[in-house]
$ cat start_7.tsv   # TSV, C-alpha atoms and all ligand atoms
chain	number	residue	atom	x	y	z
Z	1	VAL	CA	25.87	6.34	-15.30
Z	2	ARG	CA	23.98	9.64	-15.54
Z	3	ILE	CA	20.99	9.62	-13.19
Z	4	LEU	CA	18.03	11.99	-13.10
Z	5	PHE	CA	16.19	12.60	-9.81
Z	6	ALA	CA	12.72	13.99	-10.53
Z	7	SER	CA	10.02	14.30	-7.88
Z	8	GLU	CA	7.61	16.93	-6.65
Z	9	THR	CA	6.99	15.00	-3.45
Z	10	GLU	CA	10.27	13.29	-2.51
Z	11	LYS	CA	12.87	15.80	-1.34
Z	12	ALA	CA	16.12	15.78	-3.36
Z	13	GLU	CA	18.02	17.17	-0.35
Z	14	PHE	CA	17.24	13.98	1.64
Z	15	TRP	CA	17.94	11.53	-1.17
Z	16	LEU	CA	20.92	12.96	-3.05
Z	17	PRO	CA	23.53	12.87	-0.26
Z	18	LEU	CA	22.75	9.15	0.34
Z	19	LEU	CA	22.68	8.36	-3.39
Z	20	ARG	CA	25.94	10.23	-4.07
Z	21	GLU	CA	27.65	8.43	-1.21
Z	22	ALA	CA	26.44	5.04	-2.48
Z	23	LEU	CA	27.23	5.71	-6.16
Z	24	PRO	CA	30.30	8.01	-6.05
Z	25	ARG	CA	31.30	7.34	-9.69
Z	26	ASP	CA	27.93	8.39	-11.10
Z	27	GLU	CA	26.50	11.78	-11.99
Z	28	PHE	CA	23.18	13.00	-10.56
Z	29	VAL	CA	21.10	15.69	-12.25
Z	30	LEU	CA	17.78	17.36	-11.42
Z	31	GLU	CA	16.87	18.54	-14.94
Z	32	THR	CA	16.11	16.60	-18.15
Z	33	ASP	CA	18.00	18.99	-20.45
Z	34	ALA	CA	20.59	16.33	-21.48
Z	35	PRO	CA	20.17	12.56	-21.97
Z	36	VAL	CA	20.31	10.36	-18.85
Z	37	ASP	CA	20.70	6.58	-18.36
Z	38	VAL	CA	18.47	6.09	-15.34
Z	39	ALA	CA	15.58	8.21	-14.04
Z	40	LEU	CA	14.53	8.05	-10.38
Z	41	VAL	CA	10.96	9.33	-10.24
Z	42	ALA	CA	7.94	9.79	-7.97
Z	43	THR	CA	5.31	12.32	-9.08
Z	44	PRO	CA	7.81	13.87	-11.52
Z	45	PRO	CA	7.13	17.43	-12.77
Z	46	ALA	CA	4.69	17.52	-15.73
Z	47	GLY	CA	6.37	16.65	-19.03
Z	48	THR	CA	9.37	14.86	-17.44
Z	49	LEU	CA	8.49	11.33	-18.59
Z	50	ALA	CA	7.97	12.38	-22.21
Z	51	ARG	CA	11.64	13.52	-22.29
Z	52	LEU	CA	12.96	10.09	-21.18
Z	53	LYS	CA	12.74	8.24	-24.52
Z	54	GLY	CA	16.29	6.80	-24.57
Z	55	VAL	CA	16.70	5.92	-20.87
Z	56	LYS	CA	17.65	2.40	-19.85
Z	57	LEU	CA	15.49	2.37	-16.71
Z	58	ILE	CA	12.78	4.42	-15.05
Z	59	GLN	CA	13.09	3.53	-11.36
Z	60	SER	CA	10.05	4.49	-9.29
Z	61	LEU	CA	10.76	5.81	-5.79
Z	62	TRP	CA	7.39	4.38	-4.73
Z	63	MET	CA	5.94	0.88	-4.62
Z	64	GLY	CA	2.67	1.91	-6.33
Z	65	VAL	CA	3.17	2.87	-9.99
Z	66	GLU	CA	-0.39	3.46	-11.26
Z	67	ARG	CA	0.18	7.20	-11.67
Z	68	LEU	CA	3.39	6.66	-13.64
Z	69	LEU	CA	1.67	4.12	-15.90
Z	70	ALA	CA	-1.28	6.47	-16.49
Z	71	ASP	CA	1.01	9.32	-17.63
Z	72	PRO	CA	0.50	9.68	-21.41
Z	73	GLY	CA	4.13	10.82	-21.71
Z	74	LEU	CA	5.55	7.51	-20.42
Z	75	PRO	CA	7.88	6.42	-23.27
Z	76	LYS	CA	7.01	3.05	-24.85
Z	77	GLY	CA	9.64	0.32	-24.53
Z	78	VAL	CA	11.43	1.80	-21.51
Z	79	PRO	CA	11.46	-0.61	-18.54
Z	80	VAL	CA	9.89	0.70	-15.33
Z	81	ALA	CA	10.92	-0.78	-11.97
Z	82	ARG	CA	8.96	-0.59	-8.73
Z	83	LEU	CA	10.89	0.18	-5.56
Z	84	ILE	CA	10.78	-2.63	-3.03
Z	85	ASP	CA	12.00	-0.84	0.06
Z	86	PRO	CA	12.42	-3.09	3.14
Z	87	GLY	CA	11.88	-0.13	5.50
Z	88	MET	CA	8.60	0.67	3.79
Z	89	VAL	CA	7.49	-2.98	3.83
Z	90	ALA	CA	8.17	-3.16	7.59
Z	91	ALA	CA	6.33	0.13	8.16
Z	92	MET	CA	3.31	-1.15	6.23
Z	93	SER	CA	3.12	-4.34	8.26
Z	94	GLU	CA	3.29	-2.27	11.46
Z	95	SER	CA	0.34	-0.21	10.22
Z	96	VAL	CA	-1.61	-3.37	9.35
Z	97	LEU	CA	-0.92	-4.85	12.81
Z	98	ALA	CA	-1.83	-1.56	14.54
Z	99	HIS	CA	-5.23	-1.41	12.81
Z	100	VAL	CA	-6.05	-5.12	13.15
Z	101	LEU	CA	-5.20	-4.99	16.86
Z	102	ASP	CA	-7.15	-1.73	17.35
Z	103	TRP	CA	-10.24	-3.50	16.00
Z	104	HIS	CA	-9.53	-6.91	17.60
Z	105	ARG	CA	-8.93	-5.40	21.07
Z	106	HIS	CA	-11.90	-2.94	20.69
Z	107	HIS	CA	-9.67	0.11	21.14
Z	108	TYR	CA	-11.71	2.15	18.64
Z	109	ARG	CA	-14.75	1.51	20.86
Z	110	TYR	CA	-12.90	2.32	24.08
Z	111	ARG	CA	-11.79	5.68	22.59
Z	112	ALA	CA	-15.43	6.49	21.84
Z	113	GLN	CA	-16.43	5.30	25.33
Z	114	GLN	CA	-13.77	7.50	26.92
Z	115	ALA	CA	-15.27	10.53	25.21
Z	116	GLU	CA	-18.56	9.58	26.97
Z	117	ARG	CA	-16.82	8.69	30.31
Z	118	GLN	CA	-18.26	5.20	29.91
Z	119	TRP	CA	-16.70	2.20	31.73
Z	120	ARG	CA	-17.83	-0.87	29.82
Z	121	ARG	CA	-15.76	-3.97	29.08
Z	122	ARG	CA	-16.24	-5.65	25.71
Z	123	LYS	CA	-16.14	-9.39	25.05
Z	124	GLN	CA	-12.61	-10.74	24.58
Z	125	TYR	CA	-11.75	-12.76	21.49
Z	126	LEU	CA	-8.62	-14.80	20.92
Z	127	ALA	CA	-6.57	-14.05	17.80
Z	128	GLY	CA	-7.42	-17.60	16.70
Z	129	ASP	CA	-11.15	-16.67	16.75
Z	130	ARG	CA	-10.54	-14.13	13.96
Z	131	THR	CA	-9.68	-14.45	10.31
Z	132	VAL	CA	-7.80	-11.62	8.64
Z	133	GLY	CA	-8.26	-11.59	4.85
Z	134	ILE	CA	-5.63	-9.73	2.85
Z	135	LEU	CA	-6.30	-8.49	-0.67
Z	136	GLY	CA	-2.95	-8.70	-2.45
Z	137	PHE	CA	-0.39	-11.36	-1.56
Z	138	GLY	CA	2.68	-9.61	-2.95
Z	139	GLU	CA	5.57	-7.82	-1.23
Z	140	LEU	CA	3.35	-5.99	1.26
Z	141	GLY	CA	0.54	-8.51	1.66
Z	142	GLY	CA	3.04	-11.35	2.09
Z	143	ASP	CA	4.97	-9.65	4.90
Z	144	ALA	CA	1.78	-8.59	6.71
Z	145	ALA	CA	0.37	-12.13	6.37
Z	146	ARG	CA	3.43	-13.72	7.99
Z	147	LYS	CA	3.38	-11.25	10.91
Z	148	LEU	CA	-0.38	-11.67	11.51
Z	149	HIS	CA	0.09	-15.45	11.47
Z	150	ALA	CA	2.89	-15.08	14.05
Z	151	LEU	CA	0.38	-13.31	16.36
Z	152	GLY	CA	-2.01	-16.26	16.09
Z	153	PHE	CA	-4.62	-14.90	13.66
Z	154	ASN	CA	-6.06	-17.11	10.95
Z	155	VAL	CA	-4.77	-15.52	7.77
Z	156	ALA	CA	-6.11	-15.70	4.23
Z	157	ALA	CA	-4.74	-13.86	1.22
Z	158	PHE	CA	-6.10	-13.17	-2.25
Z	159	SER	CA	-3.94	-12.94	-5.37
Z	160	ARG	CA	-4.25	-13.59	-9.11
Z	161	ARG	CA	-2.01	-16.65	-8.93
Z	162	PRO	CA	-2.18	-19.19	-6.07
Z	163	LYS	CA	0.70	-19.20	-3.55
Z	164	GLN	CA	2.15	-21.63	-1.03
Z	165	VAL	CA	3.05	-19.83	2.22
Z	166	ALA	CA	3.10	-21.69	5.55
Z	167	GLY	CA	0.18	-20.71	7.77
Z	168	VAL	CA	-1.60	-18.61	5.14
Z	169	GLN	CA	-4.61	-19.82	3.17
Z	170	SER	CA	-4.16	-18.69	-0.44
Z	171	PHE	CA	-7.26	-17.69	-2.44
Z	172	THR	CA	-7.82	-16.76	-6.07
Z	173	ASP	CA	-11.61	-16.70	-5.50
Z	174	LEU	CA	-12.41	-13.37	-3.84
Z	175	ASN	CA	-15.94	-14.29	-2.74
Z	176	ALA	CA	-14.76	-17.47	-1.04
Z	177	MET	CA	-12.14	-15.54	0.92
Z	178	LEU	CA	-14.50	-12.74	1.96
Z	179	ARG	CA	-17.03	-15.24	3.37
Z	180	ILE	CA	-14.49	-16.38	6.00
Z	181	THR	CA	-13.01	-12.90	6.63
Z	182	ASP	CA	-13.55	-10.81	9.78
Z	183	ALA	CA	-10.92	-8.11	9.16
Z	184	LEU	CA	-10.21	-7.22	5.55
Z	185	VAL	CA	-6.90	-5.55	4.65
Z	186	CYS	CA	-6.47	-4.08	1.16
Z	187	LEU	CA	-2.90	-4.11	-0.19
Z	188	LEU	CA	-3.65	-4.44	-3.91
Z	189	PRO	CA	-2.19	-2.36	-6.72
Z	190	LEU	CA	-4.77	-0.11	-8.39
Z	191	THR	CA	-5.48	-1.53	-11.86
Z	192	ARG	CA	-8.41	-1.88	-14.28
Z	193	GLU	CA	-9.38	-5.09	-12.44
Z	194	THR	CA	-9.05	-3.83	-8.87
Z	195	ARG	CA	-10.67	-0.37	-9.10
Z	196	GLY	CA	-13.87	-0.42	-7.03
Z	197	ILE	CA	-13.22	-4.00	-5.83
Z	198	LEU	CA	-14.63	-3.10	-2.40
Z	199	ASN	CA	-18.29	-2.34	-3.11
Z	200	SER	CA	-21.69	-3.19	-1.62
Z	201	ARG	CA	-21.58	-6.72	-3.05
Z	202	THR	CA	-18.10	-7.64	-1.82
Z	203	LEU	CA	-18.28	-5.72	1.49
Z	204	GLY	CA	-21.56	-7.52	2.20
Z	205	LEU	CA	-19.75	-10.87	2.09
Z	206	ILE	CA	-17.40	-9.99	4.98
Z	207	ARG	CA	-18.56	-11.60	8.24
Z	208	PRO	CA	-20.76	-9.38	10.47
Z	209	HIS	CA	-19.03	-6.84	12.80
Z	210	GLY	CA	-15.80	-7.07	10.85
Z	211	CYS	CA	-13.61	-4.20	9.74
Z	212	VAL	CA	-12.06	-2.89	6.53
Z	213	ILE	CA	-8.50	-1.56	6.45
Z	214	ASN	CA	-7.60	0.16	3.19
Z	215	LEU	CA	-3.90	1.02	2.95
Z	216	ALA	CA	-3.57	0.61	-0.84
Z	217	ARG	CA	-5.34	3.25	-2.97
Z	218	GLY	CA	-8.57	5.23	-2.56
Z	219	GLY	CA	-9.89	3.90	-5.88
Z	220	HIS	CA	-10.23	0.39	-4.44
Z	221	VAL	CA	-13.22	1.35	-2.27
Z	222	VAL	CA	-16.66	2.64	-3.30
Z	223	ILE	CA	-17.00	4.99	-0.34
Z	224	ALA	CA	-20.80	5.35	-0.48
Z	225	ASP	CA	-21.11	1.55	-0.28
Z	226	LEU	CA	-18.66	1.36	2.62
Z	227	VAL	CA	-20.56	4.04	4.56
Z	228	ARG	CA	-23.81	2.11	3.99
Z	229	GLU	CA	-22.25	-1.07	5.44
Z	230	LEU	CA	-20.97	0.90	8.47
Z	231	ASP	CA	-24.31	2.68	9.02
Z	232	SER	CA	-26.22	-0.61	8.83
Z	233	GLY	CA	-23.93	-2.09	11.49
Z	234	HIS	CA	-22.74	-4.88	9.18
Z	235	LEU	CA	-19.18	-3.53	9.46
Z	236	ALA	CA	-17.92	-2.36	12.85
Z	237	HIS	CA	-15.19	0.00	11.68
Z	238	ALA	CA	-13.11	1.17	8.71
Z	239	TYR	CA	-9.49	2.34	8.73
Z	240	LEU	CA	-8.75	4.47	5.68
Z	241	ASP	CA	-5.29	5.73	4.77
Z	242	VAL	CA	-5.84	6.55	1.10
Z	243	PHE	CA	-8.50	8.50	-0.81
Z	244	ASP	CA	-9.41	9.31	-4.39
Z	245	ASN	CA	-8.95	12.97	-3.62
Z	246	GLU	CA	-5.87	13.65	-1.45
Z	247	PRO	CA	-5.56	15.55	0.83
Z	248	LEU	CA	-9.09	14.56	1.90
Z	249	PRO	CA	-10.98	17.90	1.81
Z	250	ALA	CA	-11.86	19.34	5.24
Z	251	SER	CA	-15.52	19.39	4.14
Z	252	ASP	CA	-15.61	15.60	3.55
Z	253	LEU	CA	-18.19	13.86	5.76
Z	254	LEU	CA	-15.82	10.91	6.33
Z	255	TRP	CA	-13.79	13.00	8.79
Z	256	LYS	CA	-16.70	13.01	11.24
Z	257	HIS	CA	-18.03	9.49	10.66
Z	258	PRO	CA	-17.87	7.64	14.00
Z	259	GLY	CA	-17.13	4.36	12.21
Z	260	VAL	CA	-14.11	5.65	10.33
Z	261	SER	CA	-10.49	6.18	11.43
Z	262	ILE	CA	-8.45	8.30	9.02
Z	263	THR	CA	-4.69	8.53	8.50
Z	264	PRO	CA	-3.10	10.90	5.92
Z	265	HIS	CA	-1.63	8.38	3.40
Z	266	SER	CA	0.99	7.62	6.01
Z	267	ALA	CA	0.66	3.83	6.35
Z	268	ALA	CA	4.16	3.42	4.91
Z	269	LEU	CA	6.54	6.05	3.60
Z	270	THR	CA	9.58	5.41	1.42
Z	271	GLU	CA	12.60	5.28	3.71
Z	272	PRO	CA	15.68	6.57	1.86
Z	273	ARG	CA	18.08	4.75	4.25
Z	274	THR	CA	16.70	1.33	3.28
Z	275	ALA	CA	15.61	2.25	-0.25
Z	276	VAL	CA	18.98	3.52	-1.52
Z	277	PRO	CA	20.70	0.09	-1.41
Z	278	LYS	CA	17.82	-1.29	-3.53
Z	279	ILE	CA	18.20	1.54	-6.04
Z	280	VAL	CA	21.96	0.92	-6.14
Z	281	GLU	CA	21.33	-2.76	-6.98
Z	282	ASN	CA	19.28	-1.75	-10.00
Z	283	VAL	CA	21.74	0.92	-11.15
Z	284	GLU	CA	24.51	-1.71	-10.98
Z	285	ARG	CA	22.38	-4.09	-13.03
Z	286	VAL	CA	21.90	-1.38	-15.66
Z	287	ARG	CA	25.66	-0.74	-15.63
Z	288	ARG	CA	26.34	-4.46	-16.24
Z	289	GLY	CA	23.66	-4.67	-18.93
Z	290	GLU	CA	21.50	-7.01	-16.80
Z	291	THR	CA	17.74	-6.95	-16.35
Z	292	PRO	CA	16.77	-4.75	-13.36
Z	293	HIS	CA	14.76	-6.19	-10.45
Z	294	HIS	CA	11.01	-5.67	-9.94
Z	295	LEU	CA	10.08	-4.60	-13.44
Z	296	VAL	CA	6.46	-3.59	-13.98
Z	297	ASP	CA	4.30	-5.94	-16.05
Z	298	PHE	CA	2.61	-3.37	-18.33
Z	299	GLU	CA	-0.09	-5.86	-19.39
Z	300	ALA	CA	-1.12	-6.59	-15.77
Z	301	GLY	CA	-0.74	-2.91	-14.80
Z	302	TYR	CA	1.49	-3.43	-11.75
E	1	LIG	P1	2.95	-6.43	-5.44
E	1	LIG	O1	4.15	-7.03	-4.79
E	1	LIG	O2	2.93	-6.21	-6.90
E	1	LIG	O3	1.71	-7.36	-5.03
E	1	LIG	C1	0.44	-7.15	-5.56
E	1	LIG	C2	-0.45	-8.31	-5.18
E	1	LIG	O4	-1.78	-8.04	-5.65
E	1	LIG	C3	-0.01	-9.62	-5.83
E	1	LIG	O5	-0.21	-10.70	-4.92
E	1	LIG	C4	-0.97	-9.74	-7.02
E	1	LIG	O6	-1.24	-11.07	-7.42
E	1	LIG	C5	-2.21	-9.14	-6.43
E	1	LIG	N1	-3.13	-8.69	-7.50
E	1	LIG	C6	-2.94	-7.76	-8.44
E	1	LIG	N2	-4.01	-7.65	-9.25
E	1	LIG	C7	-4.90	-8.55	-8.79
E	1	LIG	C8	-6.21	-8.93	-9.20
E	1	LIG	N3	-6.80	-8.36	-10.25
E	1	LIG	N4	-6.83	-9.90	-8.50
E	1	LIG	C9	-6.22	-10.51	-7.45
E	1	LIG	N5	-5.00	-10.19	-7.00
E	1	LIG	C10	-4.35	-9.22	-7.66
E	1	LIG	O7	2.58	-5.02	-4.76
E	1	LIG	P2	3.03	-4.46	-3.32
E	1	LIG	O8	4.44	-4.02	-3.35
E	1	LIG	O9	2.62	-5.44	-2.28
E	1	LIG	O10	2.15	-3.12	-3.22
E	1	LIG	C11	0.72	-3.13	-3.30
E	1	LIG	C12	0.16	-1.71	-3.34
E	1	LIG	O11	0.26	-1.08	-2.06
E	1	LIG	C13	0.92	-0.74	-4.25
E	1	LIG	O12	0.53	-0.91	-5.61
E	1	LIG	C14	0.49	0.61	-3.70
E	1	LIG	O13	-0.66	1.07	-4.38
E	1	LIG	C15	0.11	0.33	-2.25
E	1	LIG	N6	0.97	1.07	-1.29
E	1	LIG	C16	0.40	1.95	-0.42
E	1	LIG	C17	1.19	2.65	0.50
E	1	LIG	C18	0.60	3.59	1.54
E	1	LIG	O14	1.33	4.33	2.20
E	1	LIG	N7	-0.69	3.63	1.76
E	1	LIG	C19	2.58	2.43	0.52
E	1	LIG	C20	3.14	1.51	-0.40
E	1	LIG	C21	2.33	0.85	-1.31
E	1	LIG	P3	-0.05	-12.02	-7.97
E	1	LIG	O15	0.76	-12.39	-6.75
E	1	LIG	O16	-0.76	-13.17	-8.55
E	1	LIG	O17	0.72	-11.17	-8.95
$ encode --input "start_7.tsv" --output "structure tokens"
Amino acid sequence: VRILFASETEKAEFWLPLLREALPRDEFVLETDAPVDVALVATPPAGTLARLKGVKLIQSLWMGVERLLADPGLPKGVPVARLIDPGMVAAMSESVLAHVLDWHRHHYRYRAQQAERQWRRRKQYLAGDRTVGILGFGELGGDAARKLHALGFNVAAFSRRPKQVAGVQSFTDLNAMLRITDALVCLLPLTRETRGILNSRTLGLIRPHGCVINLARGGHVVIADLVRELDSGHLAHAYLDVFDNEPLPASDLLWKHPGVSITPHSAALTEPRTAVPKIVENVERVRRGETPHHLVDFEAGY
């Protein structure tokens, strides 16, 4: 199998030694000058996708594929697979737990109090007093939901299709879930339906003094609406990892907003050590003429 590696963000020098070791019979190339069977891509150089007409599989190196799908050069009829990387899934759940606990245990307030040398204890809540609502009940949302449930939180999760997972209340009605939610975690793919899903109407349904944790894509949140809900005191805090414009410009007012904690799109990074075995599985499926795992549903957009 001839395999292209094309990314402006993922470093070939990290990936290729692991890939070559795992697939010693196969050939890896960095240029699209000759036909390839499989293309491994994440933010590929401009024009790359348009040259992949005959490939058997475009394997994303990321879990989110909205940028790939929006590329006008993406060849029609070529299957695209998302990468489900167990290391990245675990990292994302750790980020979710870190933010939920930061809010639940008032640590964001104690950091602000420390800056003012203020000794003031806040009311303690039990995990069972809080409901965490997760937007997206897929690979990431599902893992985070199970781990939050294990800590004793009430957990609700929103998806297009209803699900049966022990200890997690499944919702397909967003409004109904938001009305019982204290901490809202966004782990949705960015699609036509989910862009701007967190706006003044939906944020207003979250229970008072709750928090919003967006680890999915910047386009999910209408930032002006979020800031209004923080300024009014309806929401206590927001944890934002992703932005429409990344890197977030130094001049952006969000950096200084006391109700906002910012991380640099670092909630979960692809981990080559755990991702390579998943890529190998799909390459082997291509070799055997079988359908690869985790193919994108082009109609749904994820
Ligand atoms: P996934 O397995 O495809 O799960 C997506 C979930 O969202 C599914 O439960 C799906 O419902 C639900 N959904 C999609 N459209 C919906 C809609 N219109 N209404 C209600 N629910 C909807 O995706 P994943 O692997 O968990 O990844 C989710 C996203 O996380 C990625 O697309 C990416 O943007 C983001 N991400 C961010 C980082 C970071 O570092 N910040 C890292 C990795 C990924 P069904 O179950 O009914 O299909």
$ closest_atom_pairs --input "start_7.tsv" --of "chain Z" --to "ligand LIG 1 (chain E)" --cutoff "7 Å" --atoms "all atoms listed in the file" --output "CSV"
residue,atom,partner,partner_atom,distance
Z:Trp62,CA,E:LIG1,C20,6.7
Z:Met63,CA,E:LIG1,C21,4.9
Z:Gly64,CA,E:LIG1,O12,3.6
Z:Val65,CA,E:LIG1,O12,6.4
Z:Ile84,CA,E:LIG1,O8,6.5
Z:Met88,CA,E:LIG1,C20,6.9
Z:Met92,CA,E:LIG1,C19,6.8
Z:Leu135,CA,E:LIG1,N5,6.7
Z:Gly136,CA,E:LIG1,O4,3.5
Z:Phe137,CA,E:LIG1,O5,3.4
Z:Gly138,CA,E:LIG1,O3,3.2
Z:Glu139,CA,E:LIG1,O1,3.9
Z:Leu140,CA,E:LIG1,O9,3.7
Z:Gly141,CA,E:LIG1,O9,5.4
Z:Phe158,CA,E:LIG1,N5,5.7
Z:Ser159,CA,E:LIG1,N5,3.4
Z:Arg160,CA,E:LIG1,O16,3.6
Z:Arg161,CA,E:LIG1,O16,3.7
Z:Pro162,CA,E:LIG1,O16,6.7
Z:Thr172,CA,E:LIG1,C9,6.6
Z:Leu187,CA,E:LIG1,O11,4.8
Z:Leu188,CA,E:LIG1,O4,4.4
Z:Pro189,CA,E:LIG1,O12,3.3
Z:Leu190,CA,E:LIG1,O13,5.9
Z:Thr191,CA,E:LIG1,N2,6.8
Z:Glu193,CA,E:LIG1,N3,4.7
Z:Thr194,CA,E:LIG1,N3,5.2
Z:Leu215,CA,E:LIG1,N7,4.3
Z:Ala216,CA,E:LIG1,C15,4.0
Z:Arg217,CA,E:LIG1,O13,5.4
Z:Asp241,CA,E:LIG1,N7,5.9
Z:Val242,CA,E:LIG1,N7,6.0
Z:His265,CA,E:LIG1,N7,5.1
Z:Ser266,CA,E:LIG1,O14,5.0
Z:Ala267,CA,E:LIG1,O14,4.2
Z:Ala268,CA,E:LIG1,O14,4.0
Z:Leu269,CA,E:LIG1,O14,5.7
Z:Tyr302,CA,E:LIG1,O2,5.8
$ closest_residue --input "start_7.tsv" --among "Z:Leu198, Z:Leu30, Z:Ala22, Z:Leu83" --to "Lys278 (chain Z)" --atoms "all atoms listed in the file"
Z:Leu83
$ residues_around --input "start_7.tsv" --residues "Leu203 (chain Z)" --least-positions-apart "5" --cutoff "12 Å" --atoms "only C-alpha atoms" --output "ChimeraX atom specification"
/Z:174-175,177-179,181-186,196-198,208-213,220-230,232,234-236,238
$ write_last_selection --input "start_7.tsv" --atoms "C-alpha atoms" --output "JSON list (two decimals), keeping the file's coordinate frame"
[["chain", "number", "residue", "atom", "x", "y", "z"],
["Z", 174, "LEU", "CA", -12.41, -13.37, -3.84],
["Z", 175, "ASN", "CA", -15.94, -14.29, -2.74],
["Z", 177, "MET", "CA", -12.14, -15.54, 0.92],
["Z", 178, "LEU", "CA", -14.50, -12.74, 1.96],
["Z", 179, "ARG", "CA", -17.03, -15.24, 3.37],
["Z", 181, "THR", "CA", -13.01, -12.90, 6.63],
["Z", 182, "ASP", "CA", -13.55, -10.81, 9.78],
["Z", 183, "ALA", "CA", -10.92, -8.11, 9.16],
["Z", 184, "LEU", "CA", -10.21, -7.22, 5.55],
["Z", 185, "VAL", "CA", -6.90, -5.55, 4.65],
["Z", 186, "CYS", "CA", -6.47, -4.08, 1.16],
["Z", 196, "GLY", "CA", -13.87, -0.42, -7.03],
["Z", 197, "ILE", "CA", -13.22, -4.00, -5.83],
["Z", 198, "LEU", "CA", -14.63, -3.10, -2.40],
["Z", 208, "PRO", "CA", -20.76, -9.38, 10.47],
["Z", 209, "HIS", "CA", -19.03, -6.84, 12.80],
["Z", 210, "GLY", "CA", -15.80, -7.07, 10.85],
["Z", 211, "CYS", "CA", -13.61, -4.20, 9.74],
["Z", 212, "VAL", "CA", -12.06, -2.89, 6.53],
["Z", 213, "ILE", "CA", -8.50, -1.56, 6.45],
["Z", 220, "HIS", "CA", -10.23, 0.39, -4.44],
["Z", 221, "VAL", "CA", -13.22, 1.35, -2.27],
["Z", 222, "VAL", "CA", -16.66, 2.64, -3.30],
["Z", 223, "ILE", "CA", -17.00, 4.99, -0.34],
["Z", 224, "ALA", "CA", -20.80, 5.35, -0.48],
["Z", 225, "ASP", "CA", -21.11, 1.55, -0.28],
["Z", 226, "LEU", "CA", -18.66, 1.36, 2.62],
["Z", 227, "VAL", "CA", -20.56, 4.04, 4.56],
["Z", 228, "ARG", "CA", -23.81, 2.11, 3.99],
["Z", 229, "GLU", "CA", -22.25, -1.07, 5.44],
["Z", 230, "LEU", "CA", -20.97, 0.90, 8.47],
["Z", 232, "SER", "CA", -26.22, -0.61, 8.83],
["Z", 234, "HIS", "CA", -22.74, -4.88, 9.18],
["Z", 235, "LEU", "CA", -19.18, -3.53, 9.46],
["Z", 236, "ALA", "CA", -17.92, -2.36, 12.85],
["Z", 238, "ALA", "CA", -13.11, 1.17, 8.71]]
$ atom_distance --input "start_7.tsv" --atom1 "CA of Thr43 (chain Z)" --atom2 "CA of Val96 (chain Z)"
25.2 Å
$ residues_around --input "start_7.tsv" --residues "region 101-107 of chain Z" --least-positions-apart "3" --cutoff "9 Å" --atoms "all atoms listed in the file" --output "PyMOL selection string"
chain Z and resi 96-98+110-112+122-127+130+183+210-211+236-237
$ closest_residue --input "start_7.tsv" --among "Z:Leu240, Z:Val283, Z:Ala156, Z:Ala70" --to "Leu4 (chain Z)" --atoms "all atoms listed in the file"
Z:Val283
$ closest_residue --input "start_7.tsv" --among "Z:Val280, Z:Val168, Z:Leu69, Z:Ala81" --to "Glu299 (chain Z)" --atoms "only C-alpha atoms"
Z:Leu69
$ closest_residue --input "start_7.tsv" --among "Z:Asp71, Z:Glu13, Z:Glu290, Z:Asp85" --to "Val276 (chain Z)" --atoms "only C-alpha atoms"
Z:Asp85
$ residues_near_point --input "start_7.tsv" --point "(18.0, -2.7, -11.4)" --cutoff "9 Å" --atoms "all atoms listed in the file" --output "JSON, numbers by chain"
{"Z": [57, 59, 81, 278, 279, 280, 281, 282, 283, 284, 285, 286, 287, 290, 291, 292, 293, 294, 295]}
$ axis_aligned_box --input "start_7.tsv" --around "region 285-292 of chain Z" --padding-each-side "8 Å" --output "AutoDock Vina command-line options"
--center_x 21.6 --center_y -3.9 --center_z -16.0 --size_x 25.6 --size_y 22.3 --size_z 21.9
$ atom_distance --input "start_7.tsv" --atom1 "CA of Ile262 (chain Z)" --atom2 "CA of Ala176 (chain Z)"
28.4 Å
$ atom_distance --input "start_7.tsv" --atom1 "CA of Asn154 (chain Z)" --atom2 "CA of Ala91 (chain Z)"
21.4 Å
